[in-house]
Amino acid sequence: MAEPTITTRVVTSAALSDPGRVRTNNEDLALLDPERGVFGVIDGVGGHVAGELAAAIARDVIVQRLARPLGTPAERVREAIAIANNEIFRRAAAEPDLAGMTCVVTLAVVTDGQVTVGHVGDTRLYKLRPTGIRKLTHDHSPVGEREDAQEIGEIEAMRHPRRHEVFRDVGSALRDKDEPNYVEVVEAALEDDAAILVCSDGLTDMIPSSTLAQLVRTHAGDADAVVTALVRAANEAGGRDNVTVVYAEAAGFAAAMRAKTPSPAAAVTSSAPVRPSPGVIGRRSTWFALGALIGVLVALALAWRLATDGTVAGRTIVAAAQASETVGTLAAAVQAARPGDVIRLEPGTYAESVTVPDGVSLRARVAGASVFVRPATAVGEWVAVIATGDTGGVISGVRVSSTPDAPVQVGIRVRGHGRALELLQIEGDVTAGIDLLADASATLQGSQLAVPGSAVALGARSRLDASGNVFLRTPAPAATAPEAFAIAMAGDASAVLRRNVFAGFGASPIAGLPDVEREPVRATNVVVSSNPFTR
């Protein structure tokens, strides 16, 4: 069956995920596929075992289901979330170490001028127009219900001690796609002057919706600037949780926002029915009202400061797999880059290797959508990305794919110190997904490595600080595969490992780790002998 033509009406979109200022791991995942009109956020429920793994399972299942254009948009989002729920439950039931892993999901499909939302939990979707910002989803939580019913105000809800409790999640019990009161489905028009914002509670617990609207208004027309400003605002306000933002706007949104400036106080609305409880307003003290007003004024001042602060370190150089009149190649960007610059990769397939200079960062605009593959002309060992130097820089959001026809020996190789590796996806038969040479050091966060061999190789005296990653051992293509480890450590190498998931590498996923350190690793990470992604 041929996939139908999708009129998304979306002209610009972006996603950004950040661990925040307090946590070292990131249980959030963004979904961004503008070609199919798919936008969403998945949040592994904090405090539960393997929230990162639950989010990864949900993302894989949802992407696979939405790739099949069967059913109405409402049927597709409802079924995708229900299948993800049951897969998480099944895999958690089979592995005691994974018991209790869950997540929450907000998933939007945009087709023919309409947005269809499937929602479970307390992630959110907002719709923005020149008339204001409107929350289309309802928080499936005790505090969220009271806020949606206007029994308590937004600022009071943000500060409530039970804010993070949810009574609806993805993964804690088997569910049917048509089960009443499980997947909330919302359908709304997406006008030519509209935009949508999907986010985790790491944003909305820190920043009120009036400030969200102001930041979007300031940067309308530049999706990357919108998500960067929102994440930055959450971190400036304290960054107590992971924060993930997915944003998409229609063709006329930016012009319409510039043409009209509504009052922020009048612009915030909710899709929830207004059900004020008798006497609630009377019970609120004057002091709380004054505190709420001060909170809003402080948040608006923060938004103004963030919107007007244009100071950045270095330049952003945009690169694409294929050069155009406005965007150059990756090779040209590397040649032009100097320390402090960021090379931003547009989505596409990069059949080339790149050496990132000292102090230069390489960031995919859409995590997972900039894919490095071995070119047909390559000979001998092939390394997708080489990071050099001792003054740091970030490698973020890139994906490396190794196939039998185009084998990649090493995904990311690090020479030198201070590199930050984040949101990476490395898949296929590789000698090493990430290779730290002798005396090198790096941090690794929020990444997924699904390989049959060693995920990370540490050279002599090298050092790795890894948190919030998922290491999966996949079936080897050869009948007799060599023994593999998630992390293979050479002499005098060291690793700090926190809140990672090791699945399929056996009971001892780290080679070269002293016996005295094995139990602490098991205590601070999740080690699953079998691979929960294998059906």
# chains A, B, ... in the order shown; residues from 1 in each chain; ligands from 1
>>> residues_around(residues="stretch 233-242 of chain A", least_positions_apart="6", cutoff="6 Å", atoms="only C-alpha atoms", output="number ranges by chain")
A: 18-22, 26, 202-203, 206
>>> closest_atom_pairs(of="stretch 382-432 of chain A", to="stretch 343-364 of chain A", cutoff="8 Å", atoms="only C-alpha atoms", output="tab-separated table")
residue	atom	partner	partner_atom	distance
A:Trp382	CA	A:Ser353	CA	7.8
A:Val383	CA	A:Ser353	CA	6.5
A:Ala384	CA	A:Ser353	CA	4.7
A:Val385	CA	A:Val354	CA	5.1
A:Ile386	CA	A:Thr355	CA	4.6
A:Ala387	CA	A:Val356	CA	4.9
A:Thr388	CA	A:Asp358	CA	5.3
A:Gly389	CA	A:Asp358	CA	4.2
A:Asp390	CA	A:Asp358	CA	6.6
A:Thr391	CA	A:Gly359	CA	5.2
A:Gly392	CA	A:Gly359	CA	5.1
A:Gly393	CA	A:Ser361	CA	4.7
A:Val394	CA	A:Ser361	CA	4.5
A:Ile395	CA	A:Leu362	CA	4.8
A:Ser396	CA	A:Arg363	CA	4.6
A:Gly397	CA	A:Ala364	CA	4.9
A:Val398	CA	A:Ala364	CA	5.6
>>> write_last_selection(atoms="N, CA and C atoms", output="PDB file, in the first residue's frame")
ATOM      1  N   TRP A 382      37.706   2.192   8.514  1.00  0.00           N
ATOM      2  CA  TRP A 382      36.984   3.436   8.264  1.00  0.00           C
ATOM      3  C   TRP A 382      36.375   3.924   9.569  1.00  0.00           C
ATOM      4  N   VAL A 383      36.655   5.170   9.911  1.00  0.00           N
ATOM      5  CA  VAL A 383      36.150   5.810  11.124  1.00  0.00           C
ATOM      6  C   VAL A 383      35.221   6.945  10.704  1.00  0.00           C
ATOM      7  N   ALA A 384      34.019   6.977  11.241  1.00  0.00           N
ATOM      8  CA  ALA A 384      33.049   7.988  10.819  1.00  0.00           C
ATOM      9  C   ALA A 384      33.429   9.386  11.296  1.00  0.00           C
ATOM     10  N   VAL A 385      33.670   9.537  12.603  1.00  0.00           N
ATOM     11  CA  VAL A 385      33.957  10.861  13.175  1.00  0.00           C
ATOM     12  C   VAL A 385      35.199  10.762  14.047  1.00  0.00           C
ATOM     13  N   ILE A 386      36.164  11.644  13.806  1.00  0.00           N
ATOM     14  CA  ILE A 386      37.373  11.722  14.626  1.00  0.00           C
ATOM     15  C   ILE A 386      37.386  13.089  15.302  1.00  0.00           C
ATOM     16  N   ALA A 387      37.461  13.085  16.643  1.00  0.00           N
ATOM     17  CA  ALA A 387      37.507  14.331  17.407  1.00  0.00           C
ATOM     18  C   ALA A 387      38.905  14.498  17.967  1.00  0.00           C
ATOM     19  N   THR A 388      39.524  15.636  17.707  1.00  0.00           N
ATOM     20  CA  THR A 388      40.916  15.852  18.108  1.00  0.00           C
ATOM     21  C   THR A 388      41.037  17.044  19.045  1.00  0.00           C
ATOM     22  N   GLY A 389      42.175  17.127  19.730  1.00  0.00           N
ATOM     23  CA  GLY A 389      42.506  18.325  20.498  1.00  0.00           C
ATOM     24  C   GLY A 389      42.228  18.212  21.978  1.00  0.00           C
ATOM     25  N   ASP A 390      42.652  19.229  22.725  1.00  0.00           N
ATOM     26  CA  ASP A 390      42.575  19.225  24.178  1.00  0.00           C
ATOM     27  C   ASP A 390      41.739  20.365  24.751  1.00  0.00           C
ATOM     28  N   THR A 391      41.076  21.150  23.913  1.00  0.00           N
ATOM     29  CA  THR A 391      40.276  22.260  24.431  1.00  0.00           C
ATOM     30  C   THR A 391      38.784  21.988  24.367  1.00  0.00           C
ATOM     31  N   GLY A 392      38.401  20.732  24.137  1.00  0.00           N
ATOM     32  CA  GLY A 392      37.003  20.354  24.239  1.00  0.00           C
ATOM     33  C   GLY A 392      36.198  20.548  22.968  1.00  0.00           C
ATOM     34  N   GLY A 393      34.889  20.625  23.165  1.00  0.00           N
ATOM     35  CA  GLY A 393      33.948  20.652  22.057  1.00  0.00           C
ATOM     36  C   GLY A 393      32.963  19.510  22.204  1.00  0.00           C
ATOM     37  N   VAL A 394      31.826  19.631  21.549  1.00  0.00           N
ATOM     38  CA  VAL A 394      30.734  18.676  21.690  1.00  0.00           C
ATOM     39  C   VAL A 394      30.486  17.959  20.373  1.00  0.00           C
ATOM     40  N   ILE A 395      30.244  16.651  20.453  1.00  0.00           N
ATOM     41  CA  ILE A 395      29.722  15.889  19.325  1.00  0.00           C
ATOM     42  C   ILE A 395      28.325  15.454  19.739  1.00  0.00           C
ATOM     43  N   SER A 396      27.292  15.952  19.075  1.00  0.00           N
ATOM     44  CA  SER A 396      25.928  15.753  19.568  1.00  0.00           C
ATOM     45  C   SER A 396      24.962  15.351  18.457  1.00  0.00           C
ATOM     46  N   GLY A 397      24.151  14.328  18.742  1.00  0.00           N
ATOM     47  CA  GLY A 397      23.003  13.993  17.908  1.00  0.00           C
ATOM     48  C   GLY A 397      23.301  13.240  16.636  1.00  0.00           C
ATOM     49  N   VAL A 398      24.575  12.913  16.348  1.00  0.00           N
ATOM     50  CA  VAL A 398      24.873  12.226  15.094  1.00  0.00           C
ATOM     51  C   VAL A 398      24.592  10.735  15.234  1.00  0.00           C
TER      52      VAL A 398
END
>>> residues_around(residues="A:Arg175", least_positions_apart="2", cutoff="12 Å", atoms="only C-alpha atoms", output="compact mmCIF listing (two decimals) with C-alpha atoms, in the first residue's frame")
# COMPACT_ATOMS: atom_id res chain seq x y z
CA ARG A 78 -3.71 5.40 19.88
CA GLU A 79 -2.38 2.09 18.59
CA ALA A 80 1.26 3.21 18.60
CA ILE A 81 1.12 4.18 22.28
CA ALA A 82 -0.79 1.04 23.28
CA ILE A 83 1.71 -1.24 21.49
CA ALA A 84 4.60 0.62 23.14
CA ASN A 85 2.92 0.23 26.52
CA ASN A 86 2.51 -3.53 26.14
CA GLU A 87 6.04 -4.00 24.84
CA ILE A 88 7.50 -2.15 27.83
CA PHE A 89 5.34 -4.19 30.22
CA ARG A 90 6.28 -7.49 28.57
CA ARG A 168 -1.59 7.28 33.89
CA ASP A 169 1.64 5.98 32.30
CA VAL A 170 3.02 3.82 29.51
CA GLY A 171 4.25 0.42 30.64
CA SER A 172 2.91 -0.38 34.12
CA ALA A 173 0.05 -2.67 32.98
CA LYS A 177 -5.70 0.45 22.20
CA ASP A 178 -9.45 1.09 22.53
CA GLU A 179 -9.48 1.08 26.32
CA PRO A 180 -11.50 4.04 27.62
CA ASN A 181 -9.65 6.66 29.64
CA TYR A 182 -6.19 5.49 28.63
CA VAL A 183 -4.81 7.21 25.53
>>> closest_atom_pairs(of="stretch 302-369 of chain A", to="stretch 30-49 of chain A", cutoff="10 Å", atoms="only C-alpha atoms", output="Markdown table")
| residue | atom | partner | partner_atom | distance |
| --- | --- | --- | --- | --- |
| A:Val366 | CA | A:Leu32 | CA | 7.3 |
| A:Ala367 | CA | A:Ala30 | CA | 8.2 |
| A:Gly368 | CA | A:Leu32 | CA | 9.5 |
| A:Ala369 | CA | A:Asp33 | CA | 8.8 |
>>> closest_atom_pairs(of="stretch 35-57 of chain A", to="stretch 443-449 of chain A", cutoff="10 Å", atoms="only C-alpha atoms", output="CSV")
residue,atom,partner,partner_atom,distance
A:Glu52,CA,A:Gly446,CA,8.4
A:Leu53,CA,A:Gln448,CA,9.6
A:Ala56,CA,A:Gln448,CA,8.5
>>> atom_distance(atom1="atom CA of A:Pro142", atom2="atom CA of A:Ile155")
15.4 Å
>>> residues_around(residues="A:Ala255", least_positions_apart="2", cutoff="10 Å", atoms="only C-alpha atoms", output="PyMOL selection string")
chain A and resi 130+193+220-221+251-253+257-260
>>> closest_atom_pairs(of="stretch 64-160 of chain A", to="stretch 208-217 of chain A", cutoff="8 Å", atoms="only C-alpha atoms", output="CSV")
residue,atom,partner,partner_atom,distance
A:Leu128,CA,A:Ala213,CA,7.4
A:Gly132,CA,A:Ala213,CA,7.2
A:Ile133,CA,A:Ala213,CA,6.2
A:Glu154,CA,A:Pro208,CA,7.1
A:Ile155,CA,A:Pro208,CA,7.1
>>> write_last_selection(atoms="N, CA and C atoms", output="mmCIF file, in the first residue's frame")
data_model
loop_
_atom_site.group_PDB
_atom_site.id
_atom_site.type_symbol
_atom_site.label_atom_id
_atom_site.label_comp_id
_atom_site.auth_asym_id
_atom_site.auth_seq_id
_atom_site.Cartn_x
_atom_site.Cartn_y
_atom_site.Cartn_z
ATOM 1 N N LEU A 128 0.020 27.413 19.531
ATOM 2 C CA LEU A 128 0.206 28.851 19.607
ATOM 3 C C LEU A 128 -0.321 29.513 18.356
ATOM 4 N N GLY A 132 -2.759 33.826 21.207
ATOM 5 C CA GLY A 132 -2.260 33.319 22.478
ATOM 6 C C GLY A 132 -1.796 31.881 22.406
ATOM 7 N N ILE A 133 -1.557 31.304 23.576
ATOM 8 C CA ILE A 133 -1.083 29.935 23.713
ATOM 9 C C ILE A 133 -2.163 29.102 24.390
ATOM 10 N N GLU A 154 -1.602 28.286 37.817
ATOM 11 C CA GLU A 154 -0.446 27.658 37.190
ATOM 12 C C GLU A 154 0.795 27.738 38.072
ATOM 13 N N ILE A 155 1.065 28.893 38.680
ATOM 14 C CA ILE A 155 2.253 29.041 39.519
ATOM 15 C C ILE A 155 2.151 28.137 40.739
#
>>> select_by_dssp(residues="stretch 196-241 of chain A", states="alpha helix (DSSP H)", output="list in words")
Asp201, Gly202, Leu203, Thr204, Ser209, Ser210, Thr211, Leu212, Ala213, Gln214, Leu215, Val216, Arg217, Thr218, His219, Ala223, Asp224, Ala225, Val226, Val227, Thr228, Ala229, Leu230, Val231, Arg232, Ala233, Ala234, Asn235 and Glu236 of chain A
>>> write_last_selection(atoms="N, CA and C atoms", output="PDB file, in the first residue's frame")
ATOM      1  N   ASP A 201       7.929  17.843  31.326  1.00  0.00           N
ATOM      2  CA  ASP A 201       7.641  18.682  32.481  1.00  0.00           C
ATOM      3  C   ASP A 201       8.881  19.406  32.998  1.00  0.00           C
ATOM      4  N   GLY A 202      10.061  19.024  32.506  1.00  0.00           N
ATOM      5  CA  GLY A 202      11.253  19.771  32.866  1.00  0.00           C
ATOM      6  C   GLY A 202      11.215  21.210  32.388  1.00  0.00           C
ATOM      7  N   LEU A 203      10.401  21.477  31.358  1.00  0.00           N
ATOM      8  CA  LEU A 203      10.198  22.853  30.897  1.00  0.00           C
ATOM      9  C   LEU A 203       9.064  23.514  31.660  1.00  0.00           C
ATOM     10  N   THR A 204       7.904  22.849  31.708  1.00  0.00           N
ATOM     11  CA  THR A 204       6.707  23.494  32.254  1.00  0.00           C
ATOM     12  C   THR A 204       6.697  23.568  33.769  1.00  0.00           C
ATOM     13  N   SER A 209       3.455  29.316  31.161  1.00  0.00           N
ATOM     14  CA  SER A 209       3.083  29.316  29.747  1.00  0.00           C
ATOM     15  C   SER A 209       3.149  30.704  29.123  1.00  0.00           C
ATOM     16  N   SER A 210       2.918  31.752  29.919  1.00  0.00           N
ATOM     17  CA  SER A 210       3.034  33.105  29.354  1.00  0.00           C
ATOM     18  C   SER A 210       4.454  33.384  28.888  1.00  0.00           C
ATOM     19  N   THR A 211       5.438  32.874  29.626  1.00  0.00           N
ATOM     20  CA  THR A 211       6.830  33.061  29.231  1.00  0.00           C
ATOM     21  C   THR A 211       7.175  32.200  28.023  1.00  0.00           C
ATOM     22  N   LEU A 212       6.623  30.984  27.989  1.00  0.00           N
ATOM     23  CA  LEU A 212       6.818  30.144  26.800  1.00  0.00           C
ATOM     24  C   LEU A 212       6.347  30.888  25.556  1.00  0.00           C
ATOM     25  N   ALA A 213       5.150  31.469  25.652  1.00  0.00           N
ATOM     26  CA  ALA A 213       4.598  32.184  24.500  1.00  0.00           C
ATOM     27  C   ALA A 213       5.475  33.361  24.102  1.00  0.00           C
ATOM     28  N   GLN A 214       6.016  34.072  25.095  1.00  0.00           N
ATOM     29  CA  GLN A 214       6.849  35.237  24.791  1.00  0.00           C
ATOM     30  C   GLN A 214       8.144  34.824  24.097  1.00  0.00           C
ATOM     31  N   LEU A 215       8.753  33.738  24.560  1.00  0.00           N
ATOM     32  CA  LEU A 215       9.987  33.276  23.934  1.00  0.00           C
ATOM     33  C   LEU A 215       9.742  32.789  22.510  1.00  0.00           C
ATOM     34  N   VAL A 216       8.635  32.080  22.293  1.00  0.00           N
ATOM     35  CA  VAL A 216       8.312  31.639  20.933  1.00  0.00           C
ATOM     36  C   VAL A 216       8.066  32.841  20.036  1.00  0.00           C
ATOM     37  N   ARG A 217       7.337  33.818  20.554  1.00  0.00           N
ATOM     38  CA  ARG A 217       7.048  35.013  19.760  1.00  0.00           C
ATOM     39  C   ARG A 217       8.351  35.713  19.350  1.00  0.00           C
ATOM     40  N   THR A 218       9.293  35.828  20.284  1.00  0.00           N
ATOM     41  CA  THR A 218      10.535  36.530  20.016  1.00  0.00           C
ATOM     42  C   THR A 218      11.334  35.867  18.896  1.00  0.00           C
ATOM     43  N   HIS A 219      11.310  34.517  18.852  1.00  0.00           N
ATOM     44  CA  HIS A 219      12.155  33.785  17.913  1.00  0.00           C
ATOM     45  C   HIS A 219      11.355  33.130  16.780  1.00  0.00           C
ATOM     46  N   ALA A 223      13.179  27.962  14.149  1.00  0.00           N
ATOM     47  CA  ALA A 223      12.832  26.874  15.061  1.00  0.00           C
ATOM     48  C   ALA A 223      13.990  26.534  15.992  1.00  0.00           C
ATOM     49  N   ASP A 224      15.217  26.532  15.477  1.00  0.00           N
ATOM     50  CA  ASP A 224      16.369  26.236  16.325  1.00  0.00           C
ATOM     51  C   ASP A 224      16.503  27.241  17.462  1.00  0.00           C
ATOM     52  N   ALA A 225      16.275  28.500  17.143  1.00  0.00           N
ATOM     53  CA  ALA A 225      16.371  29.538  18.175  1.00  0.00           C
ATOM     54  C   ALA A 225      15.264  29.376  19.210  1.00  0.00           C
ATOM     55  N   VAL A 226      14.085  28.943  18.776  1.00  0.00           N
ATOM     56  CA  VAL A 226      12.974  28.742  19.709  1.00  0.00           C
ATOM     57  C   VAL A 226      13.324  27.672  20.737  1.00  0.00           C
ATOM     58  N   VAL A 227      13.746  26.478  20.268  1.00  0.00           N
ATOM     59  CA  VAL A 227      14.001  25.387  21.209  1.00  0.00           C
ATOM     60  C   VAL A 227      15.207  25.707  22.097  1.00  0.00           C
ATOM     61  N   THR A 228      16.205  26.394  21.532  1.00  0.00           N
ATOM     62  CA  THR A 228      17.375  26.766  22.332  1.00  0.00           C
ATOM     63  C   THR A 228      16.988  27.734  23.438  1.00  0.00           C
ATOM     64  N   ALA A 229      16.159  28.723  23.113  1.00  0.00           N
ATOM     65  CA  ALA A 229      15.733  29.708  24.110  1.00  0.00           C
ATOM     66  C   ALA A 229      14.896  29.065  25.212  1.00  0.00           C
ATOM     67  N   LEU A 230      14.033  28.126  24.852  1.00  0.00           N
ATOM     68  CA  LEU A 230      13.174  27.480  25.846  1.00  0.00           C
ATOM     69  C   LEU A 230      13.992  26.607  26.797  1.00  0.00           C
ATOM     70  N   VAL A 231      14.893  25.807  26.249  1.00  0.00           N
ATOM     71  CA  VAL A 231      15.727  24.959  27.104  1.00  0.00           C
ATOM     72  C   VAL A 231      16.616  25.821  27.997  1.00  0.00           C
ATOM     73  N   ARG A 232      17.154  26.855  27.417  1.00  0.00           N
ATOM     74  CA  ARG A 232      18.014  27.747  28.196  1.00  0.00           C
ATOM     75  C   ARG A 232      17.230  28.396  29.329  1.00  0.00           C
ATOM     76  N   ALA A 233      15.993  28.792  29.064  1.00  0.00           N
ATOM     77  CA  ALA A 233      15.157  29.407  30.101  1.00  0.00           C
ATOM     78  C   ALA A 233      14.908  28.442  31.255  1.00  0.00           C
ATOM     79  N   ALA A 234      14.617  27.178  30.935  1.00  0.00           N
ATOM     80  CA  ALA A 234      14.392  26.181  31.983  1.00  0.00           C
ATOM     81  C   ALA A 234      15.642  25.995  32.836  1.00  0.00           C
ATOM     82  N   ASN A 235      16.802  25.959  32.206  1.00  0.00           N
ATOM     83  CA  ASN A 235      18.047  25.793  32.953  1.00  0.00           C
ATOM     84  C   ASN A 235      18.381  27.041  33.774  1.00  0.00           C
ATOM     85  N   GLU A 236      18.115  28.224  33.215  1.00  0.00           N
ATOM     86  CA  GLU A 236      18.357  29.457  33.962  1.00  0.00           C
ATOM     87  C   GLU A 236      17.457  29.529  35.192  1.00  0.00           C
TER      88      GLU A 236
END
>>> residues_around(residues="A:Ala442", least_positions_apart="6", cutoff="6 Å", atoms="only C-alpha atoms", output="mmCIF file with N, CA and C atoms, in the first residue's frame")
data_model
loop_
_atom_site.group_PDB
_atom_site.id
_atom_site.type_symbol
_atom_site.label_atom_id
_atom_site.label_comp_id
_atom_site.auth_asym_id
_atom_site.auth_seq_id
_atom_site.Cartn_x
_atom_site.Cartn_y
_atom_site.Cartn_z
ATOM 1 N N GLY A 418 38.685 16.263 27.024
ATOM 2 C CA GLY A 418 37.593 17.209 27.233
ATOM 3 C C GLY A 418 36.453 17.144 26.253
ATOM 4 N N ARG A 419 36.370 16.122 25.429
ATOM 5 C CA ARG A 419 35.254 16.032 24.491
ATOM 6 C C ARG A 419 33.976 15.588 25.205
ATOM 7 N N ALA A 420 32.846 16.217 24.842
ATOM 8 C CA ALA A 420 31.534 15.823 25.341
ATOM 9 C C ALA A 420 30.779 15.135 24.198
ATOM 10 N N LEU A 464 36.734 7.742 30.834
ATOM 11 C CA LEU A 464 35.379 7.967 30.332
ATOM 12 C C LEU A 464 34.442 8.223 31.508
#
>>> select_by_dssp(residues="stretch 359-449 of chain A", states="strand (DSSP E or B)", output="number ranges by chain")
A: 361-364, 370-372, 383-387, 393-396, 398-401, 410-414, 419-422, 425-427, 432-436, 441-445, 448-449
>>> write_last_selection(atoms="N, CA and C atoms", output="CSV table (one decimal), in the first residue's frame")
chain,number,residue,atom,x,y,z
A,361,SER,N,32.7,22.2,17.8
A,361,SER,CA,31.6,21.3,18.1
A,361,SER,C,30.9,20.9,16.8
A,362,LEU,N,30.4,19.6,16.8
A,362,LEU,CA,29.6,19.1,15.7
A,362,LEU,C,28.2,18.7,16.2
A,363,ARG,N,27.2,19.4,15.8
A,363,ARG,CA,25.8,19.1,16.4
A,363,ARG,C,24.9,18.8,15.2
A,364,ALA,N,24.1,17.7,15.3
A,364,ALA,CA,23.0,17.5,14.4
A,364,ALA,C,21.9,18.3,14.8
A,370,SER,N,21.1,12.9,11.1
A,370,SER,CA,22.3,13.1,10.4
A,370,SER,C,23.1,11.8,10.5
A,371,VAL,N,23.1,11.0,9.4
A,371,VAL,CA,23.6,9.6,9.5
A,371,VAL,C,24.9,9.5,8.7
A,372,PHE,N,25.9,9.0,9.4
A,372,PHE,CA,27.2,8.7,8.7
A,372,PHE,C,27.3,7.3,8.3
A,383,VAL,N,36.7,5.2,9.9
A,383,VAL,CA,36.2,5.8,11.1
A,383,VAL,C,35.2,6.9,10.7
A,384,ALA,N,34.0,7.0,11.2
A,384,ALA,CA,33.0,8.0,10.8
A,384,ALA,C,33.4,9.4,11.3
A,385,VAL,N,33.7,9.5,12.6
A,385,VAL,CA,34.0,10.9,13.2
A,385,VAL,C,35.2,10.8,14.0
A,386,ILE,N,36.2,11.6,13.8
A,386,ILE,CA,37.4,11.7,14.6
A,386,ILE,C,37.4,13.1,15.3
A,387,ALA,N,37.5,13.1,16.6
A,387,ALA,CA,37.5,14.3,17.4
A,387,ALA,C,38.9,14.5,18.0
A,393,GLY,N,34.9,20.6,23.2
A,393,GLY,CA,33.9,20.7,22.1
A,393,GLY,C,33.0,19.5,22.2
A,394,VAL,N,31.8,19.6,21.5
A,394,VAL,CA,30.7,18.7,21.7
A,394,VAL,C,30.5,18.0,20.4
A,395,ILE,N,30.2,16.7,20.5
A,395,ILE,CA,29.7,15.9,19.3
A,395,ILE,C,28.3,15.5,19.7
A,396,SER,N,27.3,16.0,19.1
A,396,SER,CA,25.9,15.8,19.6
A,396,SER,C,25.0,15.4,18.5
A,398,VAL,N,24.6,12.9,16.3
A,398,VAL,CA,24.9,12.2,15.1
A,398,VAL,C,24.6,10.7,15.2
A,399,ARG,N,24.3,10.1,14.1
A,399,ARG,CA,24.1,8.7,14.1
A,399,ARG,C,25.1,8.0,13.1
A,400,VAL,N,25.6,6.9,13.5
A,400,VAL,CA,26.6,6.1,12.7
A,400,VAL,C,25.9,4.7,12.4
A,401,SER,N,25.9,4.4,11.1
A,401,SER,CA,25.2,3.1,10.8
A,401,SER,C,26.2,2.2,10.0
A,410,VAL,N,34.9,1.9,13.3
A,410,VAL,CA,34.8,2.8,14.5
A,410,VAL,C,33.8,3.9,14.2
A,411,GLY,N,32.9,4.1,15.1
A,411,GLY,CA,31.9,5.1,15.0
A,411,GLY,C,32.5,6.5,15.3
A,412,ILE,N,32.9,6.7,16.6
A,412,ILE,CA,33.5,8.0,17.0
A,412,ILE,C,34.9,7.7,17.6
A,413,ARG,N,35.9,8.3,17.2
A,413,ARG,CA,37.3,8.1,17.8
A,413,ARG,C,37.7,9.5,18.4
A,414,VAL,N,38.2,9.4,19.6
A,414,VAL,CA,38.6,10.6,20.4
A,414,VAL,C,40.1,10.6,20.6
A,419,ARG,N,36.4,16.1,25.4
A,419,ARG,CA,35.3,16.0,24.5
A,419,ARG,C,34.0,15.6,25.2
A,420,ALA,N,32.8,16.2,24.8
A,420,ALA,CA,31.5,15.8,25.3
A,420,ALA,C,30.8,15.1,24.2
A,421,LEU,N,30.4,13.9,24.4
A,421,LEU,CA,29.6,13.1,23.4
A,421,LEU,C,28.2,12.9,24.0
A,422,GLU,N,27.2,13.3,23.2
A,422,GLU,CA,25.9,13.3,23.7
A,422,GLU,C,24.9,13.0,22.6
A,425,GLN,N,23.8,7.9,18.3
A,425,GLN,CA,23.2,6.6,18.0
A,425,GLN,C,24.2,5.9,17.1
A,426,ILE,N,24.7,4.8,17.6
A,426,ILE,CA,25.6,3.9,16.8
A,426,ILE,C,25.1,2.5,16.7
A,427,GLU,N,25.0,2.0,15.5
A,427,GLU,CA,24.3,0.8,15.3
A,427,GLU,C,25.0,0.0,14.2
A,432,ALA,N,34.5,-1.0,17.3
A,432,ALA,CA,34.2,-0.2,18.5
A,432,ALA,C,33.2,0.9,18.1
A,433,GLY,N,32.1,1.0,18.9
A,433,GLY,CA,31.2,2.1,18.6
A,433,GLY,C,31.9,3.5,18.9
A,434,ILE,N,32.6,3.6,20.1
A,434,ILE,CA,33.3,4.7,20.5
A,434,ILE,C,34.7,4.3,20.9
A,435,ASP,N,35.7,4.9,20.4
A,435,ASP,CA,37.1,4.5,20.7
A,435,ASP,C,37.9,5.7,21.3
A,436,LEU,N,38.3,5.6,22.5
A,436,LEU,CA,39.1,6.6,23.2
A,436,LEU,C,40.6,6.1,23.1
A,441,SER,N,40.3,11.6,27.0
A,441,SER,CA,39.2,11.6,28.0
A,441,SER,C,37.9,12.2,27.3
A,442,ALA,N,36.8,11.8,27.8
A,442,ALA,CA,35.5,12.2,27.2
A,442,ALA,C,34.4,11.9,28.2
A,443,THR,N,33.3,12.7,28.0
A,443,THR,CA,32.0,12.3,28.7
A,443,THR,C,31.0,11.8,27.7
A,444,LEU,N,30.1,10.9,28.1
A,444,LEU,CA,29.2,10.3,27.2
A,444,LEU,C,27.8,10.3,27.9
A,445,GLN,N,26.8,11.0,27.3
A,445,GLN,CA,25.5,11.1,27.9
A,445,GLN,C,24.4,10.9,26.9
A,448,GLN,N,22.7,5.9,22.6
A,448,GLN,CA,22.3,4.5,22.5
A,448,GLN,C,23.3,3.9,21.5
A,449,LEU,N,23.9,2.8,22.0
A,449,LEU,CA,24.8,2.0,21.2
A,449,LEU,C,24.3,0.6,21.1
>>> atom_distance(atom1="atom CA of A:Ala256", atom2="atom CA of A:Val243")
27.8 Å
>>> closest_residue(among="A:Val318, A:Glu184, A:Arg124, A:Val166", to="A:Val246", atoms="only C-alpha atoms")
A:Arg124
>>> residues_around(residues="stretch 453-458 of chain A", least_positions_apart="5", cutoff="7 Å", atoms="only C-alpha atoms", output="ChimeraX atom specification")
/A:429-437,471,484-490,493
>>> closest_residue(among="A:Val379, A:Pro509, A:Asp205, A:Arg461", to="A:His417", atoms="only C-alpha atoms")
A:Arg461
